[in-house]
Amino acid sequence: MQLYSRAAGCCIAALICAAVLLPGCGGGKQAEGHRSTDFARQNAFPSTYSVKQSRPVLIEGATVLTGTGERLDNTDLLLEDGKIARIGDNLEAPKDALVVKGAGKWVTPGIIDAHSHLGDYPAPEIESTQDGNEMTAPNTAEVWAEHSVWTQDPQFALALAGGVTTLQILPGSANLFGGRGVTLKNVPGRSVQEMKFPGAPYGLKMACGENPKRVYGSKGSAPSTRMGNVAGYRKAWIEATAYKKKWENYWENGGDMPERDLQLETLAGVLSGEILVHNHCYRGEEMAIMMDIAEEFDFQISAFHHAVEAYKVADLLAERGVCAAMWADWWGFKHEAFDMTEANIAIVDQAGACAMIHSDSAIGIQHLNEEVAKAMTAGQRAGFDIQPQDAVAWMTLNPAKALGIDDQTGSLEKGKMADVVVWSGNPFSVYSQAEKVFIDGELMYDRADRARQPRSDFELGILDAEGERL
Amino acid sequence: MKKLFTICVLTLGLATGVVRGETVLIQGGKVHTLTEKGSFDAADILVRDGRIVAVGLSLDEDADRVIDARGKVVTPGVIAPVSELGLVEIGAASATNDYAVNGASIGSAFDPLPAYNPKSTLIPFNRAGGVTRALVFPGISLWGGDSDGLQRVFAGRGFAIKLNGAFDSVVKRNLAQKAYLGEAGGRLAGGSRASAYAKIETALFEAREYRDNRAAIRRGDWRELNHSIDDLEALQGVLSGAEPLLVTVNRASDILWAIELADEYNIKLVIAGAAEGWMVAEQLAAAEVPVIIDAINNLPISFSTLGARLDNAALLAKAGVKVAISGPEYAATHNLYLARQSAGNAVAYGLPYEEGLRSISANVAEIFGLESGTLDPGAVADIVVWSGDPLEVTSYAEEVLIDGVPQSLVTRSTRLRDRYLKPQQGHQVGYKH
């Protein structure tokens with residue numbers, strides 16, 4: 001699908017077919033009925049992701065957490081043509097099917113991490129690989145995280161062994177507008193395009209609070225305060241609104257084609273509903289302010305990330321349909337992370353908002369099931385009735401909502417992508433491990449078979465010329 | 001390692017809260033003694049005067065306080081092998097940080113003890129996570145400052161605390177000296193890890209020279225030394241074997257050099273880091289060098305940790321190395337208690353279960369000579385009653401005793417939780433205490 005513009009003199013007819021309607025969590029502000037636009041340049045670096053469909057998979061007699069609130073004991077799951085084909089009892093294995101004995105095993109949707117920097121901050125961490133933060137101006141909405149991804153980062157495979165099938169790579173948080181995030185399927189690739197989740201909307205990374213004001217304030221430039229941050233956001237949205245109007249006017253009425261501006265294009269993509277806002281924001285007050293800014297400029301915030309104080313404004317998040325992505329227990333590394341409660345995710349969830357775990361860490365991303373287990377336990381201790389079948393959504397369906405891909409993945413429902421993890425036991429135990437990880441029905445990781453464990457180029461011969469890194 | 005000497009709290013006398021003669025009976029829990037006596041499915045523990053006096057089946061004793069531990073798990077309190085507790089409140093608030101010295105460091109003579117704040121919010125929080133004691137060490141910021149300082153590879157001296165939040169909660173000082181070799185050492189020493197090695201060796205050499213010629217050196221009747229008398233005095237405990245030298249190092253080849261240095265000077269070495277420890281596990285075992293590892297960190301995050309893996313603890317323990325597990329590096333002080341989760345992961349990757357428990361308690365006590373870490377008659381009564389398996393992520397501490405005294409498990413985190421359980425519009429929240 002090549003949209004209107006790479007060539008000059010684009011044709012209006014092409015615009016009409018560009019339907020990228022991607023609601024954010026809780027329903028985005030979609031400009032219904034208005035002609036679709038492509039401020040997002042959705043296909044400038046088109047996904048070339050594909051998986052070879054080898055054979056059907058039947059997982060027999062497992063405990064299934066669907067991600068939609070159900071726990072199905074002793075249940076079969078059939079994966080066919082990359083999709084979830086059937087869930088039920090006594091399903092018959094198609095010819096040539098890979099049959100997985102599920103007794104004692106638990107099955108969940110593939111884990112989705114809405115906040116990762118893998119590839120942009122790869123391992124090993126050396127001077128030349130710090131590609132995650134364009135710390136040169138407070139507004140760098142023009143940069144795209146995918147352009148920094150080193151696909152050979154060995155951390156992708158570690159995350160896969162932890163059951164992560166989809167992840168959003170975001171720019172860092174030094175800037176008010178850090179740039180675009182990209183959603184990837186967690187598969188090996190020579191190019192980032194081979195990993196890009198087909199059709200997933202782009203994200204725009206924004207940051208509240210301490211980071212932007214520290215980075216720029218310490219250089220003697222704006223912003224140096226939280227109020228300076230807010231002025232920076234609003235100024236940019238005013239410009240973006242004008243930019244969007246200019247292009248819409250051109251598309252409707254013709255005339256001279258306006259000049260393209262990479263930075264404003266991304267912001268206009270947010271205003272048109274094509275790009276989802278992912279907002280690093282710790283404090284409750286700042287979340288309330290950001291939601292009013294979204295109201296003022298008529299866009300939707302998809303999720304607050306690192307939302308350590310989301311519990312303080314959980315009712316407002318529910319009201320505005322904004323998700324919160326949180327850690328289980330990180331705190332104290334800065335002032336805005338001081339008011340942590342381990343019941344954060346549970347309180348947000350129980351207030352009716354869309355709550356999720358996120359990692360922001362190459363270690364945390366390998367243990368998101370454990371992180372959810374801790375958050376679930378904290379919720380139970382706070383007096384809430386939260387069971388594994390509920391909490392599993394915090395690492396599957398809810399992040400899928402925040403990324404605008406919940407119609408395709410994030411739960412075990414017929415017709416959805418066969419992104420599935422088979423666990424050795426209850427995933428909310430420190431002793432359970434992801435044994436098999438399927439992405440679009442393909443066995444991408446098998447703990448029992450080294451031949452089905454990906455190794456990045458970097459790992460070959462690195463510790464032992466003839467052996468494996470591990 | 002049972003040391004039944006009379007209580008000698010080195011700093012300010014007896015622990016707060018111990019009422020003479022008071023007894024506590026913990027009844028019917030699954031007890032892991034972490035001694036050769038092993039575990040009991042259901043046993044009682046009797047505590048008197050802050051010490052364990054008996055562990056056994058159905059102790060018939062009238063106690064002042066009885067804790068029903070049936071269906072629960074009872075272990076020694078968690079001991080953090082490295083931390084900055086009481087030296088940091090908020091990472092990015094410099095006024096609340098006293099652990100890292102930027103620029104010119106004092107060196108081996110640096111003792112952060114006067115900076116220790118027993119009222120830090122990190123103490124009740126980690127106590128609620130089951131941590132009862134911790135080693136506290138200074139660190140050195142790798143940023144800024146003069147990298148030429150000869151002593152910069154030494155962070156200084158560590159002390160041990162108990163987490164009851166009392167002003168007299170320091171239990172032992174001058175416990176160990178901390179230094180950096182390998183990659184971090186190289187950065188501190190001006191670029192090369194070989195330079196870090198040379199700096200530590202020079203310091204030890206001069207400390208020995210000073211020991212053997214103290215009077216002449218103090219008179220000024222000696223060649224000019226590169227280190228101050230304070231620094232050389234501070235290293236005497238390391239030379240005599242009274243204090244271990246805690247060396248931060250990860251790469252296998254760097255670990256071997258550290259072992260060689262320790263051997264040459266006949267010092268007690270403890271390795272912190274040891275991401276590639278499994279590659280030299282036999283050498284570590286032969287040299288009887290214990291390690292403190294971040295068991296959940298399997299990232300090849302630097303060229304010095306390419307061999308990082310989740311079964312490092314299992315492989316080291318199998319070779320006979322004494323393993324202690326620290327809190328995860330990304331939250332090494334604020335979330336020290338997560339050493340439990342790291343140990344659980346180590347067990348999931350092959351570490352025997354009991355070794356997992358020992359790695360966060362008994363082994364730490366043994367490495368640093370602390371009298372806790374086991375549930376044995378005579379031991380300090382630092383005891384935790386858990387809702388379930390303490391290494392499991394769904395378990396939590398229900399009772400924490402330090403010196404036999406039940407501790408509060410309220411934290412800022414639980415206070416905030418209770419205030420905002422049902423967040424809503426309005427001013428009432430400000431009046432909820």
# chains A, B, ... in the order shown; residues from 1 in each chain; ligands from 1

call {"tool": "interface_residues", "arguments": {"of": "chain B", "to": "chain A", "cutoff": "8 Å", "atoms": "only C-alpha atoms", "output": "count of residues only"}}
result
40

call {"tool": "select_by_dssp", "arguments": {"residues": "stretch 62-274 of chain A", "states": "alpha helix (DSSP H)", "output": "ChimeraX atom specification"}}
result
/A:155-161,210-217,226-253,262-271

call {"tool": "write_last_selection", "arguments": {"atoms": "C-alpha atoms", "output": "CSV table (one decimal), in the first residue's frame"}}
result
chain,number,residue,atom,x,y,z
A,155,GLN,CA,19.0,-9.3,24.2
A,156,PHE,CA,16.1,-10.0,21.8
A,157,ALA,CA,16.7,-13.7,22.1
A,158,LEU,CA,16.8,-13.5,25.9
A,159,ALA,CA,13.5,-11.7,25.9
A,160,LEU,CA,12.1,-14.4,23.6
A,161,ALA,CA,13.2,-17.1,26.1
A,210,GLU,CA,12.6,15.4,35.5
A,211,ASN,CA,14.4,14.2,32.5
A,212,PRO,CA,13.7,16.9,29.9
A,213,LYS,CA,14.1,19.7,32.3
A,214,ARG,CA,17.3,18.3,33.7
A,215,VAL,CA,18.9,17.6,30.3
A,216,TYR,CA,18.1,21.0,28.8
A,217,GLY,CA,18.0,23.0,32.0
A,226,ARG,CA,8.0,21.4,34.7
A,227,MET,CA,6.1,24.5,33.5
A,228,GLY,CA,8.7,24.9,30.8
A,229,ASN,CA,8.0,21.4,29.8
A,230,VAL,CA,4.3,22.1,29.4
A,231,ALA,CA,4.9,25.3,27.4
A,232,GLY,CA,7.1,23.2,25.1
A,233,TYR,CA,4.3,20.6,24.5
A,234,ARG,CA,1.7,23.2,23.8
A,235,LYS,CA,3.8,25.2,21.4
A,236,ALA,CA,4.5,22.1,19.4
A,237,TRP,CA,0.9,21.1,19.3
A,238,ILE,CA,-0.1,24.6,18.1
A,239,GLU,CA,2.4,24.2,15.2
A,240,ALA,CA,1.3,20.7,14.5
A,241,THR,CA,-2.4,21.8,14.4
A,242,ALA,CA,-1.5,24.5,11.8
A,243,TYR,CA,0.6,22.0,9.8
A,244,LYS,CA,-2.2,19.5,9.7
A,245,LYS,CA,-4.7,22.1,8.6
A,246,LYS,CA,-2.4,23.3,5.9
A,247,TRP,CA,-2.1,19.8,4.4
A,248,GLU,CA,-5.8,19.0,4.8
A,249,ASN,CA,-6.6,22.3,3.0
A,250,TYR,CA,-4.2,21.3,0.2
A,251,TRP,CA,-5.7,17.8,-0.1
A,252,GLU,CA,-9.2,19.3,-0.2
A,253,ASN,CA,-8.6,22.3,-2.3
A,262,LEU,CA,9.4,15.4,9.4
A,263,GLN,CA,8.9,16.7,12.9
A,264,LEU,CA,5.4,18.1,12.4
A,265,GLU,CA,4.4,15.1,10.3
A,266,THR,CA,4.7,12.9,13.3
A,267,LEU,CA,2.8,15.3,15.5
A,268,ALA,CA,0.1,15.7,12.9
A,269,GLY,CA,0.0,11.9,12.7
A,270,VAL,CA,-1.0,12.0,16.4
A,271,LEU,CA,-3.6,14.6,15.8

call {"tool": "closest_residue", "arguments": {"among": "A:Met135, A:Cys354, A:Ile293, A:Ala44", "to": "A:Ser173", "atoms": "only C-alpha atoms"}}
result
A:Met135

call {"tool": "atom_distance", "arguments": {"atom1": "atom CA of B:Lys72", "atom2": "atom CA of A:Thr63"}}
result
26.9 Å

call {"tool": "atom_distance", "arguments": {"atom1": "atom CA of B:Glu84", "atom2": "atom CA of B:Pro138"}}
result
6.8 Å

call {"tool": "select_by_dssp", "arguments": {"residues": "stretch 256-352 of chain B", "states": "strand (DSSP E or B)", "output": "PyMOL selection string"}}
result
chain B and resi 269-273+291-293+323-325

call {"tool": "residues_around", "arguments": {"residues": "stretch 157-165 of chain B", "least_positions_apart": "4", "cutoff": "6 Å", "atoms": "only C-alpha atoms", "output": "ChimeraX atom specification"}}
result
/B:111,118-119,123,132-137,169-177

call {"tool": "write_last_selection", "arguments": {"atoms": "N, CA and C atoms", "output": "mmCIF file, in the first residue's frame"}}
result
data_model
loop_
_atom_site.group_PDB
_atom_site.id
_atom_site.type_symbol
_atom_site.label_atom_id
_atom_site.label_comp_id
_atom_site.auth_asym_id
_atom_site.auth_seq_id
_atom_site.Cartn_x
_atom_site.Cartn_y
_atom_site.Cartn_z
ATOM 1 N N ASP B 111 35.612 5.914 55.383
ATOM 2 C CA ASP B 111 34.639 5.156 56.161
ATOM 3 C C ASP B 111 33.326 5.929 56.128
ATOM 4 N N PRO B 118 19.928 5.733 59.967
ATOM 5 C CA PRO B 118 19.062 4.574 60.255
ATOM 6 C C PRO B 118 17.583 4.879 60.043
ATOM 7 N N LYS B 119 17.237 6.150 59.827
ATOM 8 C CA LYS B 119 15.838 6.516 59.619
ATOM 9 C C LYS B 119 15.463 6.578 58.134
ATOM 10 N N ILE B 123 14.934 1.478 54.774
ATOM 11 C CA ILE B 123 15.116 0.442 55.800
ATOM 12 C C ILE B 123 13.799 -0.265 56.133
ATOM 13 N N THR B 132 16.852 -8.497 57.231
ATOM 14 C CA THR B 132 17.067 -8.140 58.637
ATOM 15 C C THR B 132 18.447 -7.530 58.896
ATOM 16 N N ARG B 133 19.412 -7.886 58.065
ATOM 17 C CA ARG B 133 20.755 -7.303 58.187
ATOM 18 C C ARG B 133 21.303 -6.971 56.814
ATOM 19 N N ALA B 134 22.269 -6.075 56.795
ATOM 20 C CA ALA B 134 22.868 -5.719 55.509
ATOM 21 C C ALA B 134 24.290 -5.232 55.713
ATOM 22 N N LEU B 135 25.104 -5.519 54.735
ATOM 23 C CA LEU B 135 26.420 -4.908 54.657
ATOM 24 C C LEU B 135 26.259 -3.584 53.927
ATOM 25 N N VAL B 136 26.941 -2.576 54.400
ATOM 26 C CA VAL B 136 26.852 -1.269 53.750
ATOM 27 C C VAL B 136 28.261 -0.872 53.300
ATOM 28 N N PHE B 137 28.378 -0.580 52.031
ATOM 29 C CA PHE B 137 29.681 -0.221 51.464
ATOM 30 C C PHE B 137 29.608 1.108 50.727
ATOM 31 N N SER B 169 21.864 0.777 65.409
ATOM 32 C CA SER B 169 21.665 -0.404 64.565
ATOM 33 C C SER B 169 22.909 -0.852 63.800
ATOM 34 N N VAL B 170 24.043 -0.179 64.025
ATOM 35 C CA VAL B 170 25.280 -0.659 63.397
ATOM 36 C C VAL B 170 25.813 -1.809 64.244
ATOM 37 N N VAL B 171 25.983 -2.963 63.637
ATOM 38 C CA VAL B 171 26.410 -4.117 64.442
ATOM 39 C C VAL B 171 27.901 -4.392 64.360
ATOM 40 N N LYS B 172 28.529 -3.948 63.320
ATOM 41 C CA LYS B 172 29.950 -4.234 63.197
ATOM 42 C C LYS B 172 30.539 -3.257 62.187
ATOM 43 N N ARG B 173 31.667 -2.683 62.511
ATOM 44 C CA ARG B 173 32.277 -1.771 61.543
ATOM 45 C C ARG B 173 33.633 -2.286 61.084
ATOM 46 N N ASN B 174 34.140 -1.607 60.066
ATOM 47 C CA ASN B 174 35.411 -2.031 59.456
ATOM 48 C C ASN B 174 35.396 -3.524 59.123
ATOM 49 N N LEU B 175 34.376 -3.873 58.387
ATOM 50 C CA LEU B 175 34.144 -5.279 58.071
ATOM 51 C C LEU B 175 34.906 -5.754 56.860
ATOM 52 N N ALA B 176 35.118 -4.846 55.939
ATOM 53 C CA ALA B 176 35.804 -5.219 54.701
ATOM 54 C C ALA B 176 36.214 -3.947 53.970
ATOM 55 N N GLN B 177 37.163 -4.111 53.093
ATOM 56 C CA GLN B 177 37.616 -3.007 52.228
ATOM 57 C C GLN B 177 37.129 -3.307 50.817
#

call {"tool": "residues_around", "arguments": {"residues": "A:Pro56", "least_positions_apart": "5", "cutoff": "12 Å", "atoms": "only C-alpha atoms", "output": "compact mmCIF listing (two decimals) with N, CA and C atoms, in the first residue's frame"}}
result
# COMPACT_ATOMS: atom_id res chain seq x y z
N LEU A 77 -5.62 -26.47 22.46
CA LEU A 77 -5.49 -25.24 21.66
C LEU A 77 -4.89 -25.63 20.32
N LEU A 78 -5.59 -25.27 19.26
CA LEU A 78 -5.11 -25.62 17.92
C LEU A 78 -4.68 -24.35 17.18
N LEU A 79 -3.44 -24.40 16.67
CA LEU A 79 -2.91 -23.28 15.89
C LEU A 79 -2.79 -23.73 14.43
N GLU A 80 -3.38 -22.96 13.55
CA GLU A 80 -3.30 -23.31 12.13
C GLU A 80 -3.14 -22.06 11.29
N ASP A 81 -2.31 -22.17 10.27
CA ASP A 81 -2.07 -21.05 9.36
C ASP A 81 -1.71 -19.77 10.12
N GLY A 82 -0.97 -19.95 11.20
CA GLY A 82 -0.50 -18.77 11.93
C GLY A 82 -1.55 -18.15 12.82
N LYS A 83 -2.71 -18.76 12.88
CA LYS A 83 -3.80 -18.19 13.69
C LYS A 83 -4.25 -19.18 14.76
N ILE A 84 -4.94 -18.67 15.73
CA ILE A 84 -5.57 -19.55 16.70
C ILE A 84 -6.82 -20.08 16.04
N ALA A 85 -6.83 -21.39 15.82
CA ALA A 85 -7.93 -21.97 15.05
C ALA A 85 -9.06 -22.43 15.96
N ARG A 86 -8.71 -23.11 17.04
CA ARG A 86 -9.76 -23.61 17.93
C ARG A 86 -9.24 -23.72 19.35
N GLU A 92 -8.96 -32.72 17.56
CA GLU A 92 -8.19 -33.71 16.82
C GLU A 92 -6.99 -33.04 16.16
N ALA A 93 -5.86 -33.71 16.25
CA ALA A 93 -4.64 -33.15 15.65
C ALA A 93 -4.73 -33.32 14.12
N PRO A 94 -4.59 -32.24 13.39
CA PRO A 94 -4.54 -32.38 11.94
C PRO A 94 -3.30 -33.20 11.55
N LYS A 95 -3.34 -33.71 10.36
CA LYS A 95 -2.20 -34.46 9.85
C LYS A 95 -0.96 -33.57 9.92
N ASP A 96 0.16 -34.15 10.26
CA ASP A 96 1.44 -33.43 10.33
C ASP A 96 1.54 -32.42 11.47
N ALA A 97 0.55 -32.41 12.33
CA ALA A 97 0.60 -31.39 13.38
C ALA A 97 1.72 -31.68 14.38
N LEU A 98 2.28 -30.59 14.91
CA LEU A 98 3.19 -30.71 16.05
C LEU A 98 2.29 -30.81 17.27
N VAL A 99 2.39 -31.91 17.99
CA VAL A 99 1.53 -32.09 19.16
C VAL A 99 2.36 -31.83 20.42
N VAL A 100 1.87 -30.92 21.23
CA VAL A 100 2.56 -30.58 22.48
C VAL A 100 1.72 -31.12 23.63
N ALA A 418 -1.39 -16.48 16.21
CA ALA A 418 -1.02 -17.56 17.11
C ALA A 418 0.29 -17.21 17.81
N PHE A 438 5.58 -19.56 20.48
CA PHE A 438 5.13 -19.52 19.09
C PHE A 438 4.83 -18.09 18.69
N ASP A 440 3.06 -16.19 15.47
CA ASP A 440 2.27 -16.48 14.27
C ASP A 440 2.32 -17.98 13.95
N GLY A 441 2.20 -18.77 14.99
CA GLY A 441 2.11 -20.22 14.82
C GLY A 441 3.42 -20.94 14.61
N GLU A 442 4.50 -20.19 14.47
CA GLU A 442 5.80 -20.80 14.22
C GLU A 442 6.54 -20.95 15.54
N LEU A 443 7.16 -22.10 15.75
CA LEU A 443 7.92 -22.34 16.97
C LEU A 443 9.23 -21.55 16.91

call {"tool": "atom_distance", "arguments": {"atom1": "atom CA of A:Leu276", "atom2": "atom CA of A:Phe299"}}
result
9.1 Å

call {"tool": "closest_residue", "arguments": {"among": "A:Ile289, A:Met444, A:Val149, A:Ala318", "to": "A:Gly110", "atoms": "only C-alpha atoms"}}
result
A:Met444

call {"tool": "decode", "arguments": {"residues": "stretch 380-401 of chain B", "atoms": "N, CA and C atoms", "output": "mmCIF file, in the first residue's frame"}}
result
data_model
loop_
_atom_site.group_PDB
_atom_site.id
_atom_site.type_symbol
_atom_site.label_atom_id
_atom_site.label_comp_id
_atom_site.auth_asym_id
_atom_site.auth_seq_id
_atom_site.Cartn_x
_atom_site.Cartn_y
_atom_site.Cartn_z
ATOM 1 N N VAL B 380 21.628 -15.323 66.776
ATOM 2 C CA VAL B 380 20.838 -14.101 66.882
ATOM 3 C C VAL B 380 19.453 -14.391 66.297
ATOM 4 N N ALA B 381 18.415 -13.939 66.994
ATOM 5 C CA ALA B 381 17.052 -14.265 66.550
ATOM 6 C C ALA B 381 16.547 -13.289 65.495
ATOM 7 N N ASP B 382 17.167 -13.341 64.336
ATOM 8 C CA ASP B 382 16.661 -12.628 63.154
ATOM 9 C C ASP B 382 15.880 -13.675 62.359
ATOM 10 N N ILE B 383 14.582 -13.584 62.447
ATOM 11 C CA ILE B 383 13.737 -14.671 61.933
ATOM 12 C C ILE B 383 12.594 -14.079 61.112
ATOM 13 N N VAL B 384 12.282 -14.721 59.988
ATOM 14 C CA VAL B 384 11.142 -14.275 59.183
ATOM 15 C C VAL B 384 10.141 -15.418 59.039
ATOM 16 N N VAL B 385 8.892 -15.087 59.258
ATOM 17 C CA VAL B 385 7.797 -16.026 58.980
ATOM 18 C C VAL B 385 7.168 -15.585 57.664
ATOM 19 N N TRP B 386 7.232 -16.468 56.688
ATOM 20 C CA TRP B 386 6.767 -16.136 55.343
ATOM 21 C C TRP B 386 5.410 -16.766 55.055
ATOM 22 N N SER B 387 4.672 -16.111 54.148
ATOM 23 C CA SER B 387 3.374 -16.672 53.739
ATOM 24 C C SER B 387 3.572 -17.982 52.980
ATOM 25 N N GLY B 388 4.752 -18.178 52.418
ATOM 26 C CA GLY B 388 5.070 -19.381 51.644
ATOM 27 C C GLY B 388 6.561 -19.404 51.382
ATOM 28 N N ASP B 389 6.967 -20.118 50.379
ATOM 29 C CA ASP B 389 8.376 -20.214 49.990
ATOM 30 C C ASP B 389 8.980 -18.815 49.774
ATOM 31 N N PRO B 390 9.989 -18.451 50.559
ATOM 32 C CA PRO B 390 10.515 -17.082 50.456
ATOM 33 C C PRO B 390 11.161 -16.741 49.111
ATOM 34 N N LEU B 391 11.501 -17.756 48.325
ATOM 35 C CA LEU B 391 12.106 -17.468 47.025
ATOM 36 C C LEU B 391 11.038 -17.314 45.939
ATOM 37 N N GLU B 392 9.792 -17.529 46.310
ATOM 38 C CA GLU B 392 8.703 -17.465 45.336
ATOM 39 C C GLU B 392 8.174 -16.028 45.242
ATOM 40 N N VAL B 393 7.861 -15.592 44.023
ATOM 41 C CA VAL B 393 7.461 -14.196 43.822
ATOM 42 C C VAL B 393 6.077 -13.861 44.381
ATOM 43 N N THR B 394 5.306 -14.885 44.743
ATOM 44 C CA THR B 394 3.988 -14.608 45.319
ATOM 45 C C THR B 394 3.992 -14.711 46.851
ATOM 46 N N SER B 395 5.178 -14.904 47.438
ATOM 47 C CA SER B 395 5.259 -14.993 48.898
ATOM 48 C C SER B 395 5.698 -13.661 49.487
ATOM 49 N N TYR B 396 5.383 -13.481 50.763
ATOM 50 C CA TYR B 396 5.788 -12.244 51.434
ATOM 51 C C TYR B 396 6.015 -12.515 52.914
ATOM 52 N N ALA B 397 6.710 -11.586 53.539
ATOM 53 C CA ALA B 397 7.017 -11.735 54.956
ATOM 54 C C ALA B 397 5.793 -11.352 55.768
ATOM 55 N N GLU B 398 5.404 -12.221 56.713
ATOM 56 C CA GLU B 398 4.269 -11.907 57.591
ATOM 57 C C GLU B 398 4.726 -11.458 58.975
ATOM 58 N N GLU B 399 5.870 -11.972 59.402
ATOM 59 C CA GLU B 399 6.454 -11.543 60.681
ATOM 60 C C GLU B 399 7.955 -11.429 60.478
ATOM 61 N N VAL B 400 8.516 -10.354 60.957
ATOM 62 C CA VAL B 400 9.969 -10.191 60.890
ATOM 63 C C VAL B 400 10.469 -9.899 62.302
ATOM 64 N N LEU B 401 11.366 -10.740 62.769
ATOM 65 C CA LEU B 401 11.965 -10.512 64.083
ATOM 66 C C LEU B 401 13.430 -10.125 63.897
#
